[in-house]
file protein-v2.cif (mmCIF, C-alpha atoms)
data_final
loop_
_atom_site.group_PDB
_atom_site.id
_atom_site.type_symbol
_atom_site.label_atom_id
_atom_site.label_comp_id
_atom_site.auth_asym_id
_atom_site.auth_seq_id
_atom_site.Cartn_x
_atom_site.Cartn_y
_atom_site.Cartn_z
ATOM 1 C CA MET G 1 0.000 0.000 0.000
ATOM 2 C CA PRO G 2 1.517 3.363 -0.972
ATOM 3 C CA VAL G 3 2.411 5.838 1.743
ATOM 4 C CA ILE G 4 -0.264 8.525 2.044
ATOM 5 C CA THR G 5 1.275 11.936 2.601
ATOM 6 C CA LYS G 6 0.095 13.836 5.681
ATOM 7 C CA SER G 7 -0.333 16.905 3.524
ATOM 8 C CA PHE G 8 -0.130 17.406 -0.230
ATOM 9 C CA ALA G 9 2.387 20.156 0.524
ATOM 10 C CA ASP G 10 4.693 17.566 2.159
ATOM 11 C CA PHE G 11 5.520 15.839 -1.130
ATOM 12 C CA PRO G 12 9.337 15.540 -1.168
ATOM 13 C CA LYS G 13 11.152 18.281 -3.073
ATOM 14 C CA GLU G 14 13.531 15.792 -4.712
ATOM 15 C CA HIS G 15 10.632 14.558 -6.848
ATOM 16 C CA ALA G 16 10.735 17.839 -8.754
ATOM 17 C CA PHE G 17 13.960 16.593 -10.364
ATOM 18 C CA ARG G 18 15.176 13.662 -12.446
ATOM 19 C CA HIS G 19 14.630 10.106 -11.177
ATOM 20 C CA PRO G 20 16.680 6.898 -11.483
ATOM 21 C CA MET G 21 14.675 4.363 -13.461
ATOM 22 C CA LYS G 22 14.821 0.690 -14.334
ATOM 23 C CA PRO G 23 15.438 -0.333 -17.980
ATOM 24 C CA GLY G 24 12.461 0.662 -20.097
ATOM 25 C CA GLY G 25 11.506 3.528 -17.766
ATOM 26 C CA ARG G 26 10.393 6.900 -19.092
ATOM 27 C CA GLU G 27 10.291 10.322 -17.434
ATOM 28 C CA SER G 28 8.263 13.125 -18.977
ATOM 29 C CA LEU G 29 7.074 16.627 -18.166
ATOM 30 C CA ALA G 30 4.109 17.831 -20.200
ATOM 31 C CA HIS G 31 3.530 21.592 -20.144
ATOM 32 C CA MET G 32 0.115 22.296 -21.673
ATOM 33 C CA LEU G 33 -0.266 25.760 -23.210
ATOM 34 C CA MET G 34 -3.657 27.452 -23.592
ATOM 35 C CA PHE G 35 -3.971 30.822 -25.328
ATOM 36 C CA PRO G 36 -7.647 31.090 -26.334
ATOM 37 C CA GLU G 37 -7.244 34.840 -26.870
ATOM 38 C CA HIS G 38 -4.896 33.996 -29.756
ATOM 39 C CA GLY G 39 -6.702 30.832 -30.919
ATOM 40 C CA ILE G 40 -3.589 28.782 -30.083
ATOM 41 C CA ALA G 41 -2.961 25.774 -27.848
ATOM 42 C CA GLY G 42 -0.107 23.330 -27.564
ATOM 43 C CA PHE G 43 2.579 21.883 -25.350
ATOM 44 C CA ILE G 44 6.289 21.757 -24.608
ATOM 45 C CA TYR G 45 7.205 18.213 -23.667
ATOM 46 C CA PRO G 46 10.643 16.986 -22.560
ATOM 47 C CA THR G 47 11.063 13.229 -22.102
ATOM 48 C CA VAL G 48 14.038 11.082 -21.153
ATOM 49 C CA LEU G 49 14.388 7.300 -21.119
ATOM 50 C CA ALA G 50 16.311 5.219 -18.596
ATOM 51 C CA ASP G 51 19.052 4.721 -21.183
ATOM 52 C CA GLY G 52 19.577 8.485 -21.523
ATOM 53 C CA HIS G 53 17.794 8.998 -24.853
ATOM 54 C CA ALA G 54 15.904 12.278 -24.652
ATOM 55 C CA LYS G 55 13.315 14.056 -26.773
ATOM 56 C CA GLY G 56 12.097 17.604 -26.646
ATOM 57 C CA ARG G 57 8.819 18.362 -28.397
ATOM 58 C CA ALA G 58 7.008 21.629 -29.023
ATOM 59 C CA THR G 59 3.611 21.559 -30.727
ATOM 60 C CA LEU G 60 1.166 24.368 -31.450
ATOM 61 C CA PHE G 61 -2.269 24.080 -33.066
ATOM 62 C CA GLY G 62 -5.628 25.809 -33.184
ATOM 63 C CA PRO G 63 -7.750 28.170 -35.288
ATOM 64 C CA GLY G 64 -5.202 30.979 -34.860
ATOM 65 C CA LEU G 65 -2.709 29.060 -37.021
ATOM 66 C CA LYS G 66 -2.796 28.042 -40.683
ATOM 67 C CA GLU G 67 -1.601 24.558 -39.734
ATOM 68 C CA PRO G 68 -0.318 22.630 -36.707
ATOM 69 C CA ILE G 69 3.382 23.159 -36.034
ATOM 70 C CA HIS G 70 5.590 20.386 -34.634
ATOM 71 C CA GLU G 71 9.247 20.744 -33.688
ATOM 72 C CA GLN G 72 11.378 18.030 -32.069
ATOM 73 C CA ILE G 73 14.918 17.309 -30.912
ATOM 74 C CA ASP G 74 16.335 13.808 -30.234
ATOM 75 C CA GLU G 75 19.663 13.281 -28.476
ATOM 76 C CA GLU G 76 21.528 11.388 -25.788
ATOM 77 C CA VAL G 77 21.930 13.300 -22.514
ATOM 78 C CA ALA G 78 24.302 12.864 -19.597
ATOM 79 C CA ALA G 79 23.165 11.105 -16.429
ATOM 80 C CA THR G 80 24.221 14.230 -14.510
ATOM 81 C CA LEU G 81 21.884 16.548 -16.445
ATOM 82 C CA ASN G 82 19.021 17.442 -14.107
ATOM 83 C CA PHE G 83 15.791 19.410 -14.212
ATOM 84 C CA ASP G 84 17.284 22.340 -12.319
ATOM 85 C CA ASN G 85 18.740 23.309 -15.710
ATOM 86 C CA TRP G 86 17.601 20.900 -18.426
ATOM 87 C CA THR G 87 18.862 21.923 -21.861
ATOM 88 C CA SER G 88 18.324 19.905 -25.031
ATOM 89 C CA GLY G 89 18.623 21.625 -28.394
ATOM 90 C CA PRO G 90 16.034 24.437 -28.477
ATOM 91 C CA LEU G 91 14.528 23.402 -25.118
ATOM 92 C CA ARG G 92 15.379 24.787 -21.710
ATOM 93 C CA MET G 93 13.499 23.853 -18.521
ATOM 94 C CA ALA G 94 14.709 25.063 -15.128
ATOM 95 C CA VAL G 95 13.079 24.156 -11.814
ATOM 96 C CA ILE G 96 13.767 27.375 -9.917
ATOM 97 C CA GLU G 97 11.897 26.384 -6.739
ATOM 98 C CA PRO G 98 10.708 22.759 -6.392
ATOM 99 C CA HIS G 99 6.946 22.399 -6.899
ATOM 100 C CA GLN G 100 6.639 26.202 -6.984
ATOM 101 C CA ARG G 101 8.392 27.922 -9.899
ATOM 102 C CA VAL G 102 9.638 26.727 -13.286
ATOM 103 C CA ASP G 103 11.161 28.605 -16.209
ATOM 104 C CA LEU G 104 10.456 27.120 -19.631
ATOM 105 C CA ALA G 105 11.797 28.134 -23.034
ATOM 106 C CA TRP G 106 11.867 26.875 -26.610
ATOM 107 C CA ASP G 107 13.980 28.513 -29.319
ATOM 108 C CA GLY G 108 13.073 26.665 -32.492
ATOM 109 C CA GLU G 109 12.858 27.518 -36.171
ATOM 110 C CA ARG G 110 9.161 28.451 -36.170
ATOM 111 C CA ILE G 111 8.293 28.410 -32.458
ATOM 112 C CA LYS G 112 9.931 30.659 -29.879
ATOM 113 C CA PHE G 113 8.613 30.619 -26.317
ATOM 114 C CA ASP G 114 9.778 32.098 -23.031
ATOM 115 C CA GLY G 115 7.567 31.398 -20.031
ATOM 116 C CA HIS G 116 7.469 31.483 -16.252
ATOM 117 C CA PHE G 117 5.247 29.130 -14.231
ATOM 118 C CA GLU G 118 4.138 29.765 -10.644
ATOM 119 C CA ALA G 119 2.090 27.050 -8.942
ATOM 120 C CA LEU G 120 -1.435 27.713 -7.690
ATOM 121 C CA HIS G 121 -1.476 24.654 -5.398
ATOM 122 C CA PRO G 122 0.785 21.819 -4.204
ATOM 123 C CA PRO G 123 1.502 18.974 -6.637
ATOM 124 C CA TYR G 124 -1.074 16.193 -6.657
ATOM 125 C CA ALA G 125 0.927 12.963 -6.419
ATOM 126 C CA PHE G 126 -0.865 9.774 -7.424
ATOM 127 C CA SER G 127 1.120 7.979 -4.696
ATOM 128 C CA SER G 128 -0.899 9.980 -2.150
ATOM 129 C CA HIS G 129 -4.067 8.120 -3.184
ATOM 130 C CA PRO G 130 -4.866 4.935 -1.204
ATOM 131 C CA ASP G 131 -4.585 2.876 -4.421
ATOM 132 C CA GLY G 132 -1.458 4.629 -5.684
ATOM 133 C CA ASN G 133 -0.508 5.060 -9.321
ATOM 134 C CA PRO G 134 -1.397 2.270 -11.798
ATOM 135 C CA PRO G 135 2.027 0.561 -12.060
ATOM 136 C CA TYR G 136 1.922 0.122 -15.852
ATOM 137 C CA TYR G 137 1.627 3.921 -16.115
ATOM 138 C CA GLY G 138 4.538 5.005 -13.967
ATOM 139 C CA ASP G 139 6.159 4.685 -10.583
ATOM 140 C CA ASP G 140 4.427 7.962 -9.747
ATOM 141 C CA ARG G 141 3.090 11.109 -11.375
ATOM 142 C CA THR G 142 2.145 14.605 -10.271
ATOM 143 C CA GLU G 143 -0.366 17.051 -11.711
ATOM 144 C CA GLN G 144 -0.232 20.771 -10.999
ATOM 145 C CA HIS G 145 -1.798 23.988 -12.238
ATOM 146 C CA GLY G 146 -0.212 27.401 -12.147
ATOM 147 C CA ARG G 147 -0.108 30.902 -13.509
ATOM 148 C CA LEU G 148 1.829 31.452 -16.712
ATOM 149 C CA LYS G 149 3.420 34.626 -17.983
ATOM 150 C CA ALA G 150 4.970 34.111 -21.391
ATOM 151 C CA THR G 151 6.019 35.516 -24.711
ATOM 152 C CA LEU G 152 5.306 33.462 -27.813
ATOM 153 C CA GLU G 153 6.542 33.943 -31.351
ATOM 154 C CA VAL G 154 5.201 31.872 -34.253
ATOM 155 C CA ASP G 155 6.693 32.394 -37.700
ATOM 156 C CA GLY G 156 7.714 35.896 -36.638
ATOM 157 C CA ARG G 157 4.316 36.790 -35.129
ATOM 158 C CA LYS G 158 4.860 37.934 -31.539
ATOM 159 C CA MET G 159 2.264 37.483 -28.784
ATOM 160 C CA LYS G 160 2.023 37.716 -25.013
ATOM 161 C CA GLY G 161 0.290 35.188 -22.781
ATOM 162 C CA ASP G 162 -0.975 35.770 -19.247
ATOM 163 C CA GLY G 163 -3.052 32.824 -18.084
ATOM 164 C CA TYR G 164 -2.608 29.275 -16.818
ATOM 165 C CA LEU G 165 -0.365 26.294 -17.482
ATOM 166 C CA ILE G 166 -0.959 22.611 -16.691
ATOM 167 C CA ARG G 167 2.179 20.712 -15.656
ATOM 168 C CA ASP G 168 2.218 16.902 -15.639
ATOM 169 C CA HIS G 169 5.322 15.046 -14.380
ATOM 170 C CA SER G 170 5.560 11.236 -14.539
ATOM 171 C CA TRP G 171 8.348 8.692 -14.201
ATOM 172 C CA GLY G 172 8.647 4.915 -14.522
ATOM 173 C CA PRO G 173 6.990 2.439 -16.932
ATOM 174 C CA ARG G 174 4.616 3.726 -19.628
ATOM 175 C CA ILE G 175 2.652 1.057 -21.497
ATOM 176 C CA TRP G 176 0.144 3.194 -23.399
ATOM 177 C CA GLY G 177 -1.758 0.306 -24.977
ATOM 178 C CA LEU G 178 -2.879 -1.210 -21.667
ATOM 179 C CA ASN G 179 -5.417 1.601 -21.465
ATOM 180 C CA GLN G 180 -8.500 0.489 -23.358
ATOM 181 C CA HIS G 181 -9.553 4.136 -22.971
ATOM 182 C CA TYR G 182 -8.806 7.023 -20.650
ATOM 183 C CA LYS G 183 -9.902 10.597 -19.949
ATOM 184 C CA TRP G 184 -7.278 13.053 -18.658
ATOM 185 C CA PHE G 185 -9.082 16.215 -17.573
ATOM 186 C CA HIS G 186 -7.928 19.546 -16.150
ATOM 187 C CA ALA G 187 -9.788 22.750 -15.301
ATOM 188 C CA THR G 188 -8.458 25.836 -13.586
ATOM 189 C CA THR G 189 -9.612 29.318 -12.630
ATOM 190 C CA GLU G 190 -8.063 31.839 -10.279
ATOM 191 C CA ARG G 191 -9.989 30.351 -7.335
ATOM 192 C CA CYS G 192 -10.322 26.675 -8.225
ATOM 193 C CA SER G 193 -8.411 23.776 -9.801
ATOM 194 C CA ILE G 194 -9.825 20.364 -10.735
ATOM 195 C CA HIS G 195 -8.121 17.304 -12.177
ATOM 196 C CA PHE G 196 -9.204 13.733 -12.783
ATOM 197 C CA PHE G 197 -7.638 10.830 -14.638
ATOM 198 C CA GLU G 198 -10.059 8.014 -15.420
ATOM 199 C CA MET G 199 -8.385 4.865 -16.790
ATOM 200 C CA LEU G 200 -10.179 1.827 -18.178
ATOM 201 C CA SER G 201 -7.734 -1.080 -18.182
ATOM 202 C CA PHE G 202 -8.136 -4.853 -17.863
ATOM 203 C CA GLY G 203 -11.895 -4.242 -17.614
ATOM 204 C CA ARG G 204 -11.444 -2.133 -14.453
ATOM 205 C CA ARG G 205 -12.107 1.577 -13.922
ATOM 206 C CA GLN G 206 -9.562 3.570 -11.942
ATOM 207 C CA VAL G 207 -9.990 7.249 -11.051
ATOM 208 C CA ARG G 208 -7.496 9.587 -9.426
ATOM 209 C CA GLY G 209 -7.853 13.317 -8.971
ATOM 210 C CA PHE G 210 -8.267 16.355 -6.784
ATOM 211 C CA LEU G 211 -10.244 19.489 -6.098
ATOM 212 C CA HIS G 212 -8.383 22.568 -4.882
ATOM 213 C CA GLN G 213 -10.577 25.480 -3.852
ATOM 214 C CA ASP G 214 -10.081 28.345 -1.392
ATOM 215 C CA GLY G 215 -6.713 26.943 -0.357
ATOM 216 C CA VAL G 216 -8.049 23.458 0.491
ATOM 217 C CA MET G 217 -6.980 20.423 -1.581
ATOM 218 C CA ARG G 218 -8.719 17.042 -1.369
ATOM 219 C CA HIS G 219 -8.968 13.762 -3.282
ATOM 220 C CA LEU G 220 -12.015 13.235 -5.464
ATOM 221 C CA THR G 221 -14.543 10.582 -4.490
ATOM 222 C CA ASP G 222 -16.893 10.817 -7.471
ATOM 223 C CA VAL G 223 -16.726 11.992 -11.085
ATOM 224 C CA SER G 224 -19.560 12.185 -13.609
ATOM 225 C CA TYR G 225 -19.514 13.775 -17.047
ATOM 226 C CA ASP G 226 -21.127 14.193 -20.438
ATOM 227 C CA PHE G 227 -19.687 15.414 -23.744
ATOM 228 C CA THR G 228 -20.363 15.873 -27.451
ATOM 229 C CA TYR G 229 -18.337 14.827 -30.507
ATOM 230 C CA ASP G 230 -17.854 16.159 -33.996
ATOM 231 C CA ASP G 231 -18.042 13.826 -37.002
ATOM 232 C CA GLN G 232 -14.419 12.721 -36.457
ATOM 233 C CA MET G 233 -15.177 11.644 -32.868
ATOM 234 C CA MET G 234 -13.244 14.580 -31.453
ATOM 235 C CA GLN G 235 -14.605 15.904 -28.154
ATOM 236 C CA LYS G 236 -16.047 19.424 -28.565
ATOM 237 C CA THR G 237 -17.972 20.136 -25.344
ATOM 238 C CA PHE G 238 -17.484 18.601 -21.906
ATOM 239 C CA GLN G 239 -19.470 18.925 -18.687
ATOM 240 C CA ALA G 240 -18.155 17.383 -15.467
ATOM 241 C CA THR G 241 -19.353 17.226 -11.870
ATOM 242 C CA VAL G 242 -16.831 16.268 -9.192
ATOM 243 C CA THR G 243 -17.189 15.525 -5.477
ATOM 244 C CA ASP G 244 -14.295 15.461 -3.006
ATOM 245 C CA THR G 245 -13.682 13.803 0.364
ATOM 246 C CA ASP G 246 -15.054 16.876 2.176
ATOM 247 C CA GLY G 247 -18.319 16.558 0.271
ATOM 248 C CA ARG G 248 -17.682 19.639 -1.844
ATOM 249 C CA LYS G 249 -19.352 19.360 -5.234
ATOM 250 C CA LEU G 250 -18.623 21.450 -8.333
ATOM 251 C CA ARG G 251 -19.738 21.478 -11.962
ATOM 252 C CA VAL G 252 -17.471 22.477 -14.838
ATOM 253 C CA ASP G 253 -18.818 23.531 -18.248
ATOM 254 C CA CYS G 254 -16.237 23.391 -21.041
ATOM 255 C CA LYS G 255 -15.928 24.106 -24.732
ATOM 256 C CA ALA G 256 -12.999 23.113 -26.944
ATOM 257 C CA PHE G 257 -11.310 26.028 -28.698
ATOM 258 C CA ALA G 258 -8.606 23.869 -30.318
ATOM 259 C CA ASN G 259 -8.324 20.151 -31.186
ATOM 260 C CA ILE G 260 -5.660 17.832 -32.540
ATOM 261 C CA GLN G 261 -5.016 14.092 -32.764
ATOM 262 C CA LEU G 262 -1.575 12.827 -31.687
ATOM 263 C CA GLU G 263 0.209 9.534 -32.415
ATOM 264 C CA PHE G 264 2.742 9.030 -29.621
ATOM 265 C CA ASP G 265 2.348 5.238 -29.533
ATOM 266 C CA PRO G 266 1.410 2.633 -32.190
ATOM 267 C CA MET G 267 -1.378 1.206 -30.015
ATOM 268 C CA VAL G 268 -3.376 4.390 -29.318
ATOM 269 C CA TYR G 269 -4.578 7.741 -30.619
ATOM 270 C CA LEU G 270 -4.647 10.744 -28.313
ATOM 271 C CA ASN G 271 -7.486 13.154 -29.083
ATOM 272 C CA GLU G 272 -6.681 16.523 -27.534
ATOM 273 C CA ALA G 273 -9.035 19.373 -26.652
ATOM 274 C CA ALA G 274 -7.830 22.671 -25.213
ATOM 275 C CA LEU G 275 -10.713 24.233 -23.313
ATOM 276 C CA THR G 276 -12.338 27.441 -22.223
ATOM 277 C CA LEU G 277 -14.559 26.841 -19.209
ATOM 278 C CA GLU G 278 -16.605 28.150 -16.309
ATOM 279 C CA ILE G 279 -16.686 27.026 -12.657
ATOM 280 C CA ASP G 280 -19.031 28.770 -10.220
ATOM 281 C CA GLY G 281 -19.269 31.807 -12.480
ATOM 282 C CA GLN G 282 -15.493 32.136 -12.913
ATOM 283 C CA THR G 283 -13.931 31.660 -16.325
ATOM 284 C CA GLY G 284 -10.753 29.718 -16.937
ATOM 285 C CA THR G 285 -8.974 27.254 -19.178
ATOM 286 C CA GLY G 286 -8.267 23.547 -19.190
ATOM 287 C CA TRP G 287 -7.524 20.408 -21.138
ATOM 288 C CA CYS G 288 -9.307 17.169 -21.979
ATOM 289 C CA GLU G 289 -7.393 14.278 -23.550
ATOM 290 C CA PHE G 290 -9.191 11.122 -24.701
ATOM 291 C CA CYS G 291 -7.013 8.051 -25.315
ATOM 292 C CA TRP G 292 -8.441 5.520 -27.776
ATOM 293 C CA ASN G 293 -7.306 2.062 -28.831
ATOM 294 C CA ARG G 294 -6.611 2.600 -32.532
ATOM 295 C CA ASN G 295 -8.709 -0.315 -33.793
ATOM 296 C CA TYR G 296 -11.702 0.725 -31.717
ATOM 297 C CA TYR G 297 -11.436 4.379 -32.699
ATOM 298 C CA THR G 298 -11.140 3.631 -36.424
ATOM 299 C CA PHE G 299 -14.193 1.385 -36.268
ATOM 300 C CA ALA G 300 -16.339 3.549 -33.970
ATOM 301 C CA ARG G 301 -15.676 6.830 -35.792
ATOM 302 C CA ASP G 302 -17.838 5.671 -38.714
ATOM 303 C CA TYR G 303 -20.791 5.316 -36.330
ATOM 304 C CA VAL G 304 -20.342 8.437 -34.188
ATOM 305 C CA LYS G 305 -22.983 10.494 -36.042
ATOM 306 C CA GLN G 306 -25.558 7.732 -35.619
ATOM 307 C CA TYR G 307 -24.829 6.512 -32.100
ATOM 308 C CA GLY G 308 -22.128 8.657 -30.474
#
call {"tool": "encode", "arguments": {"input": "protein-v2.cif", "output": "structure tokens"}}
result
Amino acid sequence: MPVITKSFADFPKEHAFRHPMKPGGRESLAHMLMFPEHGIAGFIYPTVLADGHAKGRATLFGPGLKEPIHEQIDEEVAATLNFDNWTSGPLRMAVIEPHQRVDLAWDGERIKFDGHFEALHPPYAFSSHPDGNPPYYGDDRTEQHGRLKATLEVDGRKMKGDGYLIRDHSWGPRIWGLNQHYKWFHATTERCSIHFFEMLSFGRRQVRGFLHQDGVMRHLTDVSYDFTYDDQMMQKTFQATVTDTDGRKLRVDCKAFANIQLEFDPMVYLNEAALTLEIDGQTGTGWCEFCWNRNYYTFARDYVKQYG
């Protein structure tokens, strides 16, 4: 049984940095970018394998662009390179204060980004849940929302961003295809943050997540939702109601402002939706990722208008 932290704020600071991993392990840090005012969403995504092979990805998409833009670097990195100053080609990520502040930059051919993240709440570690993290999907993972101040340049077009960033950090095994389906959901406003990860694997449903509101952070006990698709089975609207261990209950109403399908693994498709949303009258942004087994998705998409 995993150790349950006394307080979410007690999560050890060393977990903000690079982890030793067994062969086949993978460590990644997904930084989800949401700029609805510019019609642009995307992510900056460093990963490193146990053998030292690293990738840095930057992707932007949305109605504010003529086309999605993908940039990537692949290289071998030293075992001594850590997340206090992670540099790989055009990517730089620096943990300035563990679980509090991160600087993030990308200096690519078409994408140039310089951003500063400041956490709105402690990291939510899946190891803090009584059932821990599903072991085929990492030794542990943390989810955290924060304020983002950034400058963004795309093909010479310069923009400023002042909003929110979602930061996901995971390490250990990652066997994508063992998820028959999952929903990875985030919503944040100035006053409230919500996350849930619902995995359907081996015929079982597993849910982890939190509600942070008015300075109080708790595990979720119940999640319900509804959503609509377009004709390509891409999620376009999403409504969720969550309940936490204190009995607090909130509804989130979301609309996708940007969508893309990603192919990170040969077993699955990842359908991404960057969101604008409202919680208790406050507006904010968020993310909703649906993971689909490729065979199921390809078959079901032809029926989504009729039955979906």
call {"tool": "resolve_selection", "arguments": {"input": "protein-v2.cif", "expression": "the PyMOL selection byres ((chain G and resi 26) around 7)", "output": "list in words"}}
result
Gly24, Gly25, Glu27, Ser28, Val48, Leu49, Ala50, Trp171, Gly172, Pro173 and Arg174 of chain G
call {"tool": "atom_distance", "arguments": {"input": "protein-v2.cif", "atom1": "CA of Lys236 in chain G", "atom2": "CA of Gly62 in chain G"}}
result
13.1 Å
call {"tool": "residues_around", "arguments": {"input": "protein-v2.cif", "residues": "Phe11 in chain G", "least_positions_apart": "4", "cutoff": "8 Å", "atoms": "all atoms listed in the file", "output": "compact mmCIF listing (two decimals) with C-alpha atoms, keeping the file's coordinate frame"}}
result
# COMPACT_ATOMS: atom_id res chain seq x y z
CA THR G 5 1.27 11.94 2.60
CA SER G 7 -0.33 16.90 3.52
CA HIS G 15 10.63 14.56 -6.85
CA PRO G 123 1.50 18.97 -6.64
CA ALA G 125 0.93 12.96 -6.42
call {"tool": "closest_atom_pairs", "arguments": {"input": "protein-v2.cif", "of": "range 123-196 of chain G", "to": "range 204-216 of chain G", "cutoff": "10 Å", "atoms": "all atoms listed in the file", "output": "tab-separated table"}}
result
residue	atom	partner	partner_atom	distance
G:Tyr124	CA	G:Phe210	CA	7.2
G:Ala125	CA	G:Gly209	CA	9.2
G:Phe126	CA	G:Arg208	CA	6.9
G:Ser127	CA	G:Arg208	CA	10.0
G:Ser128	CA	G:Arg208	CA	9.8
G:His129	CA	G:Arg208	CA	7.3
G:Pro130	CA	G:Arg208	CA	9.8
G:Asp131	CA	G:Arg208	CA	8.9
G:Gly132	CA	G:Arg208	CA	8.7
G:Asn133	CA	G:Arg208	CA	8.3
G:Pro134	CA	G:Gln206	CA	8.3
G:Glu143	CA	G:Gly209	CA	8.8
G:His145	CA	G:His212	CA	10.0
G:Asn179	CA	G:Arg204	CA	10.0
G:Gln180	CA	G:Arg204	CA	9.7
G:His181	CA	G:Arg205	CA	9.7
G:Tyr182	CA	G:Arg205	CA	9.3
G:Lys183	CA	G:Val207	CA	9.5
G:Trp184	CA	G:Gly209	CA	9.7
G:Phe185	CA	G:Gly209	CA	9.2
G:His186	CA	G:Gly209	CA	9.5
G:Ala187	CA	G:Leu211	CA	9.8
G:Thr188	CA	G:His212	CA	9.3
G:Thr189	CA	G:Gln213	CA	9.6
G:Glu190	CA	G:Gln213	CA	9.4
G:Arg191	CA	G:Gln213	CA	6.0
G:Cys192	CA	G:Gln213	CA	4.5
G:Ser193	CA	G:His212	CA	5.1
G:Ile194	CA	G:Leu211	CA	4.7
G:His195	CA	G:Gly209	CA	5.1
G:Phe196	CA	G:Gly209	CA	4.1
call {"tool": "resolve_selection", "arguments": {"input": "protein-v2.cif", "expression": "the PyMOL selection byres ((chain G and resi 248-264) around 6)", "output": "mmCIF file with C-alpha atoms, in the frame of the given file"}}
result
data_model
loop_
_atom_site.group_PDB
_atom_site.id
_atom_site.type_symbol
_atom_site.label_atom_id
_atom_site.label_comp_id
_atom_site.auth_asym_id
_atom_site.auth_seq_id
_atom_site.Cartn_x
_atom_site.Cartn_y
_atom_site.Cartn_z
ATOM 1 C CA GLY G 62 -5.628 25.809 -33.184
ATOM 2 C CA LYS G 236 -16.047 19.424 -28.565
ATOM 3 C CA THR G 237 -17.972 20.136 -25.344
ATOM 4 C CA PHE G 238 -17.484 18.601 -21.906
ATOM 5 C CA GLN G 239 -19.470 18.925 -18.687
ATOM 6 C CA ALA G 240 -18.155 17.383 -15.467
ATOM 7 C CA THR G 241 -19.353 17.226 -11.870
ATOM 8 C CA VAL G 242 -16.831 16.268 -9.192
ATOM 9 C CA THR G 243 -17.189 15.525 -5.477
ATOM 10 C CA ASP G 244 -14.295 15.461 -3.006
ATOM 11 C CA ASP G 246 -15.054 16.876 2.176
ATOM 12 C CA GLY G 247 -18.319 16.558 0.271
ATOM 13 C CA ASP G 265 2.348 5.238 -29.533
ATOM 14 C CA TYR G 269 -4.578 7.741 -30.619
ATOM 15 C CA LEU G 270 -4.647 10.744 -28.313
ATOM 16 C CA ASN G 271 -7.486 13.154 -29.083
ATOM 17 C CA GLU G 272 -6.681 16.523 -27.534
ATOM 18 C CA ALA G 273 -9.035 19.373 -26.652
ATOM 19 C CA ALA G 274 -7.830 22.671 -25.213
ATOM 20 C CA LEU G 275 -10.713 24.233 -23.313
ATOM 21 C CA THR G 276 -12.338 27.441 -22.223
ATOM 22 C CA LEU G 277 -14.559 26.841 -19.209
ATOM 23 C CA GLU G 278 -16.605 28.150 -16.309
ATOM 24 C CA ILE G 279 -16.686 27.026 -12.657
#
call {"tool": "atom_distance", "arguments": {"input": "protein-v2.cif", "atom1": "CA of Phe35 in chain G", "atom2": "CA of Gln100 in chain G"}}
result
21.7 Å
call {"tool": "closest_residue", "arguments": {"input": "protein-v2.cif", "among": "G:Val154, G:Val223, G:Leu65, G:Ala16", "to": "Ala94 in chain G", "atoms": "only C-alpha atoms"}}
result
G:Ala16
call {"tool": "resolve_selection", "arguments": {"input": "protein-v2.cif", "expression": "the PyMOL selection byres ((chain G and resi 103) around 9)", "output": "JSON, numbers by chain"}}
result
{"G": [92, 93, 94, 95, 96, 101, 102, 104, 105, 114, 115, 116, 117]}
call {"tool": "residues_around", "arguments": {"input": "protein-v2.cif", "residues": "range 296-308 of chain G", "least_positions_apart": "5", "cutoff": "8 Å", "atoms": "only C-alpha atoms", "output": "VMD selection string"}}
result
chain G and resid 229 to 233 269
call {"tool": "atom_distance", "arguments": {"input": "protein-v2.cif", "atom1": "CA of Glu109 in chain G", "atom2": "CA of Gly56 in chain G"}}
result
13.8 Å
call {"tool": "residues_near_point", "arguments": {"input": "protein-v2.cif", "point": "(-12.6, 13.1, -2.2)", "cutoff": "6 Å", "atoms": "all atoms listed in the file", "output": "list in words"}}
result
Arg218, His219, Leu220, Thr221, Asp244 and Thr245 of chain G
call {"tool": "closest_residue", "arguments": {"input": "protein-v2.cif", "among": "G:Leu200, G:Leu152, G:Met234, G:Leu120", "to": "Glu289 in chain G", "atoms": "all atoms listed in the file"}}
result
G:Met234
call {"tool": "closest_residue", "arguments": {"input": "protein-v2.cif", "among": "G:Tyr225, G:Gln282, G:Phe43, G:Gly52", "to": "Arg167 in chain G", "atoms": "all atoms listed in the file"}}
result
G:Phe43
call {"tool": "residues_around", "arguments": {"input": "protein-v2.cif", "residues": "Trp176 in chain G", "least_positions_apart": "4", "cutoff": "8 Å", "atoms": "only C-alpha atoms", "output": "list of chain:residue names"}}
result
G:Tyr137, G:Asp265, G:Met267, G:Val268
call {"tool": "closest_residue", "arguments": {"input": "protein-v2.cif", "among": "G:Gly161, G:Pro46, G:Pro36, G:Gly64", "to": "Phe83 in chain G", "atoms": "only C-alpha atoms"}}
result
G:Pro46
call {"tool": "residues_around", "arguments": {"input": "protein-v2.cif", "residues": "Glu14 in chain G", "least_positions_apart": "2", "cutoff": "12 Å", "atoms": "all atoms listed in the file", "output": "ChimeraX atom specification"}}
result
/G:10-12,16-20,82-84,95,97-99
call {"tool": "axis_aligned_box", "arguments": {"input": "protein-v2.cif", "around": "range 222-228 of chain G", "padding_each_side": "3 Å", "output": "AutoDock Vina command-line options"}}
result
--center_x -18.9 --center_y 13.3 --center_z -17.5 --size_x 10.4 --size_y 11.1 --size_z 26.0
call {"tool": "closest_residue", "arguments": {"input": "protein-v2.cif", "among": "G:Lys112, G:Leu33, G:Gly39, G:Thr87", "to": "Arg147 in chain G", "atoms": "only C-alpha atoms"}}
result
G:Leu33
call {"tool": "closest_residue", "arguments": {"input": "protein-v2.cif", "among": "G:Thr142, G:Ser201, G:Thr283, G:Ser224", "to": "His121 in chain G", "atoms": "all atoms listed in the file"}}
result
G:Thr142
